[in-house]
Each structure stands twice: as structure tokens, then as C-alpha cells.
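One file, work21.csv, is given below (CSV, C-alpha atoms).
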chain,number,residue,atom,x,y,z
G,282,MET,CA,-141.7,-14.6,-87.4
G,283,LEU,CA,-140.2,-18.0,-87.8
G,284,LEU,CA,-138.3,-19.6,-85.0
G,285,ASN,CA,-135.7,-20.7,-87.5
G,286,GLN,CA,-134.7,-17.2,-88.6
G,287,PHE,CA,-133.4,-16.5,-85.0
G,288,LEU,CA,-131.8,-19.9,-84.8
G,289,PHE,CA,-130.0,-19.5,-88.1
G,290,LEU,CA,-128.7,-16.1,-87.1
G,291,GLY,CA,-127.4,-17.6,-83.9
G,292,ALA,CA,-125.8,-20.4,-85.8
G,293,PHE,CA,-124.1,-17.9,-88.1
G,294,LEU,CA,-122.8,-15.9,-85.2
G,295,PHE,CA,-121.6,-19.0,-83.5
G,296,CYS,CA,-119.6,-20.2,-86.6
G,297,THR,CA,-118.1,-16.8,-87.2
G,298,GLY,CA,-116.9,-16.9,-83.6
G,299,ILE,CA,-115.4,-20.3,-84.1
G,300,TYR,CA,-113.6,-19.1,-87.1
G,301,GLY,CA,-112.3,-16.1,-85.1
G,302,VAL,CA,-111.1,-18.2,-82.2
G,303,LEU,CA,-109.2,-20.5,-84.6
G,304,ALA,CA,-107.8,-17.9,-87.0
G,305,ARG,CA,-106.9,-14.9,-84.8
G,306,LYS,CA,-103.5,-14.5,-83.2
G,307,ASN,CA,-104.1,-11.4,-81.1
G,308,ALA,CA,-105.4,-12.5,-77.7
G,309,VAL,CA,-107.9,-9.6,-77.4
G,310,LEU,CA,-109.4,-10.5,-80.8
G,311,VAL,CA,-109.8,-14.1,-79.6
G,312,LEU,CA,-111.8,-12.9,-76.6
G,313,MET,CA,-114.0,-10.8,-78.9
G,314,SER,CA,-114.7,-13.9,-80.9
G,315,ILE,CA,-115.7,-15.7,-77.7
G,316,GLU,CA,-118.2,-12.9,-77.1
G,317,LEU,CA,-119.7,-13.6,-80.5
G,318,ILE,CA,-120.2,-17.2,-79.5
G,319,LEU,CA,-121.8,-16.3,-76.2
G,320,ASN,CA,-124.2,-13.9,-77.9
G,321,ALA,CA,-125.2,-16.6,-80.4
G,322,VAL,CA,-126.1,-18.8,-77.4
G,323,ASN,CA,-128.1,-15.9,-75.9
G,324,ILE,CA,-130.1,-15.4,-79.0
G,325,ASN,CA,-130.9,-19.1,-79.1
G,326,LEU,CA,-132.0,-19.1,-75.4
G,327,VAL,CA,-134.3,-16.2,-75.7
G,328,ALA,CA,-135.8,-17.5,-79.0
G,329,PHE,CA,-136.6,-20.8,-77.5
G,330,GLY,CA,-138.0,-19.1,-74.4
G,331,ALA,CA,-140.3,-17.1,-76.6
G,332,PHE,CA,-141.1,-20.2,-78.7
G,333,ARG,CA,-142.2,-22.2,-75.7
G,334,SER,CA,-143.6,-19.3,-73.7
G,335,ASN,CA,-141.2,-20.2,-70.9
G,336,VAL,CA,-139.4,-17.6,-68.9
G,337,ALA,CA,-136.4,-19.8,-68.2
G,338,GLY,CA,-134.9,-18.8,-71.5
G,339,GLN,CA,-134.5,-15.2,-70.5
G,340,VAL,CA,-133.3,-16.1,-67.0
G,341,PHE,CA,-130.6,-18.3,-68.4
G,342,ALA,CA,-129.6,-15.7,-70.9
G,343,LEU,CA,-129.2,-13.3,-68.0
G,344,PHE,CA,-126.9,-15.8,-66.3
G,345,VAL,CA,-124.9,-16.1,-69.5
G,346,VAL,CA,-124.5,-12.3,-69.6
G,347,ALA,CA,-123.1,-12.3,-66.0
G,348,ILE,CA,-120.7,-15.2,-66.7
G,349,ALA,CA,-119.5,-13.5,-69.9
G,350,ALA,CA,-118.8,-10.3,-68.0
G,351,ALA,CA,-116.7,-12.2,-65.5
G,352,GLU,CA,-115.0,-14.1,-68.2
G,353,VAL,CA,-114.0,-10.9,-70.0
G,354,GLY,CA,-112.6,-9.4,-66.8
G,355,VAL,CA,-110.4,-12.4,-65.9
G,356,GLY,CA,-109.5,-13.0,-69.6
G,357,LEU,CA,-108.3,-9.4,-70.1
G,358,ALA,CA,-106.3,-9.6,-66.8
G,359,ILE,CA,-104.6,-12.7,-68.1
G,360,VAL,CA,-103.9,-11.0,-71.4
G,361,LEU,CA,-102.4,-8.1,-69.5
G,362,ILE,CA,-100.0,-10.3,-67.6
G,363,ILE,CA,-99.0,-12.1,-70.8
G,364,TYR,CA,-98.2,-8.7,-72.3
G,365,ARG,CA,-96.2,-7.7,-69.2
G,366,ASN,CA,-94.1,-10.9,-69.3
G,367,LYS,CA,-93.6,-11.2,-73.1
G,368,ARG,CA,-94.1,-7.7,-74.4
G,369,SER,CA,-96.7,-9.0,-76.9
G,370,VAL,CA,-100.1,-10.6,-77.0
G,371,ASP,CA,-99.3,-13.0,-79.9
G,372,LEU,CA,-100.9,-16.3,-78.9
G,373,THR,CA,-98.6,-18.3,-81.2
G,374,GLU,CA,-95.7,-17.2,-78.9
G,375,VAL,CA,-97.4,-18.4,-75.7
G,376,ASP,CA,-96.1,-22.0,-75.8
G,377,LEU,CA,-94.5,-22.3,-72.4
G,378,MET,CA,-96.6,-25.4,-71.5
G,379,LYS,CA,-96.3,-27.0,-74.9
G,380,GLY,CA,-94.9,-30.6,-74.5
D,59,MET,CA,-145.8,-9.1,-88.9
D,60,ILE,CA,-144.3,-7.6,-92.1
D,61,ALA,CA,-142.7,-4.8,-90.1
D,62,GLU,CA,-141.1,-7.3,-87.6
D,63,ASN,CA,-139.7,-9.3,-90.5
D,64,ILE,CA,-138.2,-6.3,-92.2
D,65,ALA,CA,-136.7,-5.2,-88.9
D,66,PHE,CA,-135.3,-8.6,-88.3
D,67,TRP,CA,-133.7,-9.0,-91.8
D,68,LEU,CA,-132.1,-5.5,-91.7
D,69,THR,CA,-130.7,-6.3,-88.2
D,70,ALA,CA,-129.6,-9.7,-89.3
D,71,LEU,CA,-127.8,-8.3,-92.3
D,72,ALA,CA,-126.0,-5.7,-90.3
D,73,MET,CA,-125.0,-8.3,-87.7
D,74,ALA,CA,-123.7,-10.7,-90.3
D,75,VAL,CA,-121.6,-8.0,-91.9
D,76,GLY,CA,-120.4,-6.8,-88.4
D,77,ALA,CA,-119.5,-10.3,-87.2
D,78,ILE,CA,-117.5,-11.1,-90.4
D,79,ARG,CA,-115.7,-7.8,-90.0
D,80,VAL,CA,-114.9,-8.5,-86.3
D,81,VAL,CA,-113.1,-11.7,-87.3
D,82,THR,CA,-111.4,-10.4,-90.5
D,83,THR,CA,-110.6,-6.7,-90.0
D,84,LYS,CA,-106.9,-5.8,-89.8
D,85,ASN,CA,-107.4,-3.1,-87.2
D,86,VAL,CA,-108.0,-4.1,-83.6
D,87,VAL,CA,-109.9,-1.0,-82.6
D,88,HIS,CA,-112.2,-1.4,-85.7
D,89,ALA,CA,-112.9,-4.9,-84.6
D,90,ALA,CA,-114.1,-3.6,-81.2
D,91,LEU,CA,-116.3,-1.1,-82.9
D,92,TRP,CA,-117.8,-3.7,-85.3
D,93,LEU,CA,-118.5,-5.8,-82.2
D,94,VAL,CA,-120.6,-2.9,-80.9
D,95,LEU,CA,-122.8,-3.2,-84.1
D,96,VAL,CA,-123.2,-7.0,-83.5
D,97,LEU,CA,-124.1,-6.5,-79.8
D,98,GLY,CA,-126.6,-3.8,-80.6
D,99,GLY,CA,-128.2,-6.1,-83.2
D,100,VAL,CA,-128.5,-8.8,-80.5
D,101,ALA,CA,-130.3,-6.3,-78.3
D,102,LEU,CA,-132.7,-5.5,-81.2
D,103,ASN,CA,-133.3,-9.2,-81.6
D,104,PHE,CA,-134.2,-9.4,-77.9
D,105,VAL,CA,-136.7,-6.6,-78.4
D,106,LEU,CA,-138.2,-8.4,-81.4
D,107,LEU,CA,-138.6,-11.5,-79.1
D,108,ALA,CA,-140.3,-9.3,-76.5
D,109,ALA,CA,-137.5,-9.6,-74.0
D,110,GLU,CA,-137.1,-5.9,-73.3
D,111,PHE,CA,-135.4,-6.3,-69.9
D,112,LEU,CA,-132.7,-8.4,-71.5
D,113,ALA,CA,-132.3,-6.0,-74.3
D,114,VAL,CA,-131.5,-3.2,-71.8
D,115,VAL,CA,-129.1,-5.4,-69.9
D,116,GLN,CA,-127.4,-6.3,-73.2
D,117,ILE,CA,-126.8,-2.7,-74.0
D,118,LEU,CA,-125.7,-1.8,-70.5
D,119,VAL,CA,-123.4,-4.7,-69.8
D,120,TYR,CA,-122.1,-5.5,-73.3
D,121,ILE,CA,-121.9,-2.2,-75.1
D,122,GLY,CA,-121.4,-0.2,-71.9
D,123,ALA,CA,-119.0,-2.3,-70.0
D,124,VAL,CA,-117.5,-5.2,-72.0
D,125,VAL,CA,-116.6,-3.2,-75.1
D,126,VAL,CA,-115.0,-0.5,-73.0
D,127,LEU,CA,-113.0,-3.2,-71.2
D,128,PHE,CA,-111.9,-4.5,-74.6
D,129,LEU,CA,-110.8,-1.0,-75.7
D,130,PHE,CA,-108.9,-0.7,-72.4
D,131,GLY,CA,-107.3,-4.1,-73.1
D,132,ILE,CA,-106.3,-3.0,-76.6
D,133,MET,CA,-104.8,0.3,-75.4
D,134,LEU,CA,-103.0,-1.3,-72.4
D,135,THR,CA,-101.4,-4.0,-74.6
D,136,ARG,CA,-100.3,-1.3,-77.0
D,137,ALA,CA,-101.7,-3.1,-80.1
D,138,PRO,CA,-100.8,-1.3,-83.2
D,139,ILE,CA,-103.6,1.2,-83.9
D,140,GLY,CA,-103.1,1.3,-87.6
D,141,HIS,CA,-103.2,-1.6,-90.1
D,142,ASP,CA,-101.4,-4.6,-89.1
D,143,ALA,CA,-101.2,-7.8,-91.1
D,144,GLU,CA,-100.0,-9.9,-88.2
D,145,LEU,CA,-103.4,-10.4,-86.6
D,146,ASP,CA,-104.2,-13.8,-88.1
D,147,ASN,CA,-102.2,-17.0,-87.7
D,148,ASN,CA,-101.6,-19.7,-90.3
D,149,GLN,CA,-104.8,-21.7,-89.4
D,150,ARG,CA,-107.1,-19.4,-91.4
D,151,TRP,CA,-108.2,-22.0,-94.0
D,152,ALA,CA,-108.6,-24.7,-91.4
D,153,GLY,CA,-110.7,-22.2,-89.3
D,154,LEU,CA,-112.8,-21.4,-92.4
D,155,VAL,CA,-113.4,-25.1,-93.1
D,156,VAL,CA,-114.4,-25.8,-89.5
D,157,GLY,CA,-116.7,-22.8,-89.4
D,158,LEU,CA,-118.4,-23.6,-92.7
D,159,LEU,CA,-118.9,-27.3,-91.8
D,160,THR,CA,-120.3,-26.4,-88.3
D,161,PHE,CA,-122.7,-23.9,-90.0
D,162,GLY,CA,-123.7,-26.5,-92.5
D,163,VAL,CA,-124.4,-29.1,-89.8
D,164,LEU,CA,-126.3,-26.7,-87.6
D,165,ALA,CA,-128.4,-25.3,-90.5
D,166,SER,CA,-129.4,-28.7,-91.8
D,167,VAL,CA,-130.4,-29.9,-88.3
D,168,LEU,CA,-132.3,-26.8,-87.5
D,169,ALA,CA,-134.1,-26.8,-90.9
D,170,LYS,CA,-135.2,-30.4,-90.3
D,171,ALA,CA,-136.1,-29.9,-86.7
D,172,PHE,CA,-138.0,-26.6,-86.7
D,173,GLY,CA,-139.1,-26.3,-90.3
D,174,ARG,CA,-141.7,-23.5,-90.4
D,175,GLN,CA,-142.7,-23.2,-86.8
D,176,HIS,CA,-143.5,-19.6,-85.7
D,177,VAL,CA,-142.5,-17.6,-82.6
D,178,SER,CA,-145.5,-15.8,-81.2
D,179,PRO,CA,-144.2,-12.7,-79.3
D,180,ALA,CA,-147.9,-12.3,-78.3
D,181,SER,CA,-147.3,-14.5,-75.4
D,182,VAL,CA,-145.1,-11.9,-73.8
D,183,GLN,CA,-143.0,-12.8,-70.8
D,184,ARG,CA,-143.0,-9.7,-68.7
D,185,THR,CA,-140.0,-8.4,-66.7
D,186,SER,CA,-141.9,-9.1,-63.5
D,187,ASP,CA,-142.2,-12.8,-64.6
D,188,VAL,CA,-138.4,-12.8,-65.1
D,189,ALA,CA,-137.8,-11.3,-61.7
D,190,ASN,CA,-140.2,-13.7,-60.0
D,191,SER,CA,-138.4,-16.6,-61.7
D,192,VAL,CA,-135.0,-15.4,-60.8
D,193,PHE,CA,-135.9,-14.9,-57.1
D,194,THR,CA,-137.9,-18.1,-56.6
D,195,THR,CA,-137.0,-21.0,-58.9
D,196,TYR,CA,-133.5,-19.9,-59.8
D,197,VAL,CA,-132.5,-18.2,-56.5
D,198,VAL,CA,-129.6,-20.6,-55.8
D,199,PRO,CA,-128.0,-20.1,-59.3
D,200,PHE,CA,-128.5,-16.4,-58.8
D,201,GLU,CA,-126.5,-16.4,-55.6
D,202,VAL,CA,-123.9,-18.6,-57.2
D,203,VAL,CA,-123.5,-16.1,-60.0
D,204,SER,CA,-123.0,-13.3,-57.5
D,205,LEU,CA,-120.2,-15.4,-55.9
D,206,VAL,CA,-118.7,-16.0,-59.4
D,207,LEU,CA,-118.7,-12.3,-60.1
D,208,LEU,CA,-117.0,-11.6,-56.8
D,209,ALA,CA,-114.4,-14.2,-57.4
D,210,ALA,CA,-113.8,-12.9,-60.9
D,211,LEU,CA,-113.4,-9.4,-59.6
D,212,VAL,CA,-110.9,-10.4,-56.9
D,213,GLY,CA,-109.2,-12.7,-59.3
D,214,ALA,CA,-108.8,-10.1,-62.0
D,215,VAL,CA,-107.3,-7.7,-59.5
D,216,VAL,CA,-104.9,-10.3,-58.1
D,217,ILE,CA,-103.8,-11.4,-61.5
D,218,ALA,CA,-103.3,-8.0,-63.0
D,219,ARG,CA,-101.7,-6.4,-59.9
D,220,ARG,CA,-98.1,-5.2,-60.2
D,221,ASP,CA,-96.2,-6.3,-57.2

Encoded form using C-alpha cells:
Amino acid sequence: MLLNQFLFLGAFLFCTGIYGVLARKNAVLVLMSIELILNAVNINLVAFGAFRSNVAGQVFALFVVAIAAAEVGVGLAIVLIIYRNKRSVDLTEVDLMKG
Amino acid sequence: MIAENIAFWLTALAMAVGAIRVVTTKNVVHAALWLVLVLGGVALNFVLLAAEFLAVVQILVYIGAVVVLFLFGIMLTRAPIGHDAELDNNQRWAGLVVGLLTFGVLASVLAKAFGRQHVSPASVQRTSDVANSVFTTYVVPFEVVSLVLLAALVGAVVIARRD
């Protein structure tokens, strides 16, 4: 297997996630796109770990999984409180701190 | 080698379709279910790269916990369960341009840097090696991550509490 096939897959997932973050309006869908980005990073970490026969890639991927779980928990809590205050999760309406 | 490549390309195709559907589908619940496909494909990629412990963690944490959390979030925010055209904002074309440009830059750099170098999953890193590394070299980051998880847990409860 080529190293590049994993890296290209990761790059594709990353760019799809970027598109999702920019183009989606629903807060939960934006969080899902962020998960795509984090998974792209994980593929890269594990691929480079296998490429260099270094265990650090897997360890860091493990840390990324833990951080992603924490991020989803806090993110969804924030989405819930936005919904409670505004009765919608439309991110274009959340502009209280806009200058 | 051939079998590994076939497995990879089938998985990659499914993941590409799933990822595109996650960011384009008009149904929020379907987006979460397509996300399951992508996350499962990532787990299969970990298996192909001989990281079986991480593959199991991926399935347990992502498909088992994160997607369920997403579904709870969708239900609690009462997103319309049918079709809904109001999921995208008006930056769709800008997002498409940014995504394609980023992919072009990444692809050209990766193709130039790692041309045709091979991954050799023969040099397997066993789970015991991962465990040794976590509890010796990376023991401080490991403890910090446990603190982060605790803080996130308490923080999520405090933020979402109704008082």
C-alpha cells in the first residue's frame, strides 16, 4: 500500500469537513463536519506512524479521539443552551457578539 | 497486497460518498447516519494500517458514543426530521472554492513529498507497545487528557443544566 493513498483520503475528508463547516447553518451539522476533520487528522497520524514504524502516531491519535469526545460533549451542551435561548440552532441568527 | 488495496479502495469510495452526503444531505438524521459510514471506514483504515486497538476505540467511542450524542442533540433541538432546505447558508459556493483549493494544495504537496513510498504494515506496532508508550513516554499528556475529560464532563453538565 502506498502512503499517499491514506494521506489523500485524509486530505479529502479534511476538505469535505471544511466545506461543511463553512456551508452548513445547523449547529449540529457543523459539529459533524468538525468530526470529519478530526478523523482526517487521525488517519494521517496513524498512516505516518505505520510509515515510520513509530508508535507515537497511534498514541497521538488516541489523544485526538479523547479530545474529540470532550469537544462534542461541550459543543452539544452549548448548542442545547443556544436552542433554549433562541428556539433555533440556526448559526446565522447567533450574532449577539457581532460588532 | 492486492487484497489490501481492494479493501482500501472500496472503503475509500464508501467514505468519500459518505463524507459528501454528510455535508450535502437535506436531512439531519441522515447526515448522522452517513457519518456512521465514514467513521466505520476510518476504523477499517486503522485495521489496514495494523492499528487494531485504535480501530476498536474508534468504533466504541465514535460510533458508540459520539454518534448517539449527535442523535440526542438532533432530537433535543427538535430539528425537522423530514426534508428541510434551510440547512445551508449562503456561503455554499465560497465553501466549495475553499474546500477545492485546500484539496488541490494538499494533493500537490503530498504527491510531491511522498511520491510512491510504501507503508509496510509488516512492522506491526502491537497494542502492548501502544500501552507501554502511553504509560511511560506520554504519561503526563495522558493524565492531562483525563483532566480535560473531567473538565468537559463537569462543564457540559453546568452549561446544559436548567436552573

* **Within 6 Å of chain G: residues of chain D, using all atoms listed in the file, as a PyMOL selection string** => chain D and resi 81+145-147+149-150+153-154+157+161+175-177+207+210+214+218

* **Selection near Ala72 of chain D, 8 Å with only C-alpha atoms, sequence-local residues under 4 positions removed, as a list in words** =>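 What passes the distance filter is Leu68, Gly76, Leu95, Val96 and Gly99 of chain D.
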
Trp92 of chain D surroundings by all atoms listed in the file, 10 Å radius, close-in-sequence under 2 positions cut, as an mmCIF file with C-alpha atoms, keeping the file's coordinate frame:
data_model
loop_
_atom_site.group_PDB
_atom_site.id
_atom_site.type_symbol
_atom_site.label_atom_id
_atom_site.label_comp_id
_atom_site.auth_asym_id
_atom_site.auth_seq_id
_atom_site.Cartn_x
_atom_site.Cartn_y
_atom_site.Cartn_z
ATOM 1 C CA ALA D 72 -126.000 -5.700 -90.300
ATOM 2 C CA MET D 73 -125.000 -8.300 -87.700
ATOM 3 C CA VAL D 75 -121.600 -8.000 -91.900
ATOM 4 C CA GLY D 76 -120.400 -6.800 -88.400
ATOM 5 C CA ALA D 77 -119.500 -10.300 -87.200
ATOM 6 C CA ILE D 78 -117.500 -11.100 -90.400
ATOM 7 C CA ARG D 79 -115.700 -7.800 -90.000
ATOM 8 C CA VAL D 80 -114.900 -8.500 -86.300
ATOM 9 C CA VAL D 81 -113.100 -11.700 -87.300
ATOM 10 C CA THR D 83 -110.600 -6.700 -90.000
ATOM 11 C CA VAL D 86 -108.000 -4.100 -83.600
ATOM 12 C CA VAL D 87 -109.900 -1.000 -82.600
ATOM 13 C CA HIS D 88 -112.200 -1.400 -85.700
ATOM 14 C CA ALA D 89 -112.900 -4.900 -84.600
ATOM 15 C CA ALA D 90 -114.100 -3.600 -81.200
ATOM 16 C CA VAL D 94 -120.600 -2.900 -80.900
ATOM 17 C CA LEU D 95 -122.800 -3.200 -84.100
ATOM 18 C CA VAL D 96 -123.200 -7.000 -83.500
ATOM 19 C CA LEU D 97 -124.100 -6.500 -79.800
ATOM 20 C CA GLY D 98 -126.600 -3.800 -80.600
#

* Kindly give the distance, in Å, that separates atom CA of Val119 of chain D and atom CA of Ala101 of chain D, rounded to a single decimal. => 11.1 Å

* Asked: What is the distance, in Å and to one decimal place, between atom CA of Pro199 of chain D and atom CA of Ser186 of chain D?
  ->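 Pair atom CA of Pro199 of chain D / atom CA of Ser186 of chain D returns 18.2 Å.
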
* If you measure from atom CA of Leu208 of chain D to atom CA of Met378 of chain G, what distance in Å do you get, rounded to one decimal? ->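 For atom CA of Leu208 of chain D relative to atom CA of Met378 of chain G, the distance reads 28.7 Å.
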
Can segment 304-318 of chain G be brought up to N, CA and C atoms and written out as a compact mmCIF listing (two decimals), in the coordinates of the input?
# COMPACT_ATOMS: atom_id res chain seq x y z
N ALA G 304 -108.64 -18.58 -86.04
CA ALA G 304 -107.80 -17.90 -87.00
C ALA G 304 -107.06 -16.69 -86.47
N ARG G 305 -107.48 -16.17 -85.31
CA ARG G 305 -106.90 -14.90 -84.80
C ARG G 305 -105.69 -15.23 -83.95
N LYS G 306 -104.75 -14.31 -83.98
CA LYS G 306 -103.50 -14.50 -83.20
C LYS G 306 -103.44 -13.52 -82.05
N ASN G 307 -104.11 -12.39 -82.17
CA ASN G 307 -104.10 -11.40 -81.10
C ASN G 307 -105.09 -11.88 -80.00
N ALA G 308 -104.64 -11.91 -78.73
CA ALA G 308 -105.40 -12.50 -77.70
C ALA G 308 -106.74 -11.70 -77.44
N VAL G 309 -106.70 -10.37 -77.60
CA VAL G 309 -107.90 -9.60 -77.40
C VAL G 309 -108.95 -9.93 -78.46
N LEU G 310 -108.50 -10.17 -79.70
CA LEU G 310 -109.40 -10.50 -80.80
C LEU G 310 -110.04 -11.90 -80.53
N VAL G 311 -109.28 -12.82 -79.94
CA VAL G 311 -109.80 -14.10 -79.60
C VAL G 311 -110.94 -13.97 -78.56
N LEU G 312 -110.71 -13.10 -77.57
CA LEU G 312 -111.80 -12.90 -76.60
C LEU G 312 -113.01 -12.27 -77.21
N MET G 313 -112.82 -11.37 -78.20
CA MET G 313 -114.00 -10.80 -78.90
C MET G 313 -114.77 -11.90 -79.62
N SER G 314 -114.04 -12.84 -80.24
CA SER G 314 -114.70 -13.90 -80.90
C SER G 314 -115.51 -14.79 -79.95
N ILE G 315 -114.97 -14.97 -78.74
CA ILE G 315 -115.70 -15.70 -77.70
C ILE G 315 -116.98 -14.99 -77.35
N GLU G 316 -116.92 -13.64 -77.33
CA GLU G 316 -118.20 -12.90 -77.10
C GLU G 316 -119.20 -13.14 -78.15
N LEU G 317 -118.76 -13.24 -79.42
CA LEU G 317 -119.70 -13.60 -80.50
C LEU G 317 -120.38 -14.89 -80.21
N ILE G 318 -119.60 -15.89 -79.79
CA ILE G 318 -120.20 -17.20 -79.50
C ILE G 318 -121.21 -17.12 -78.40
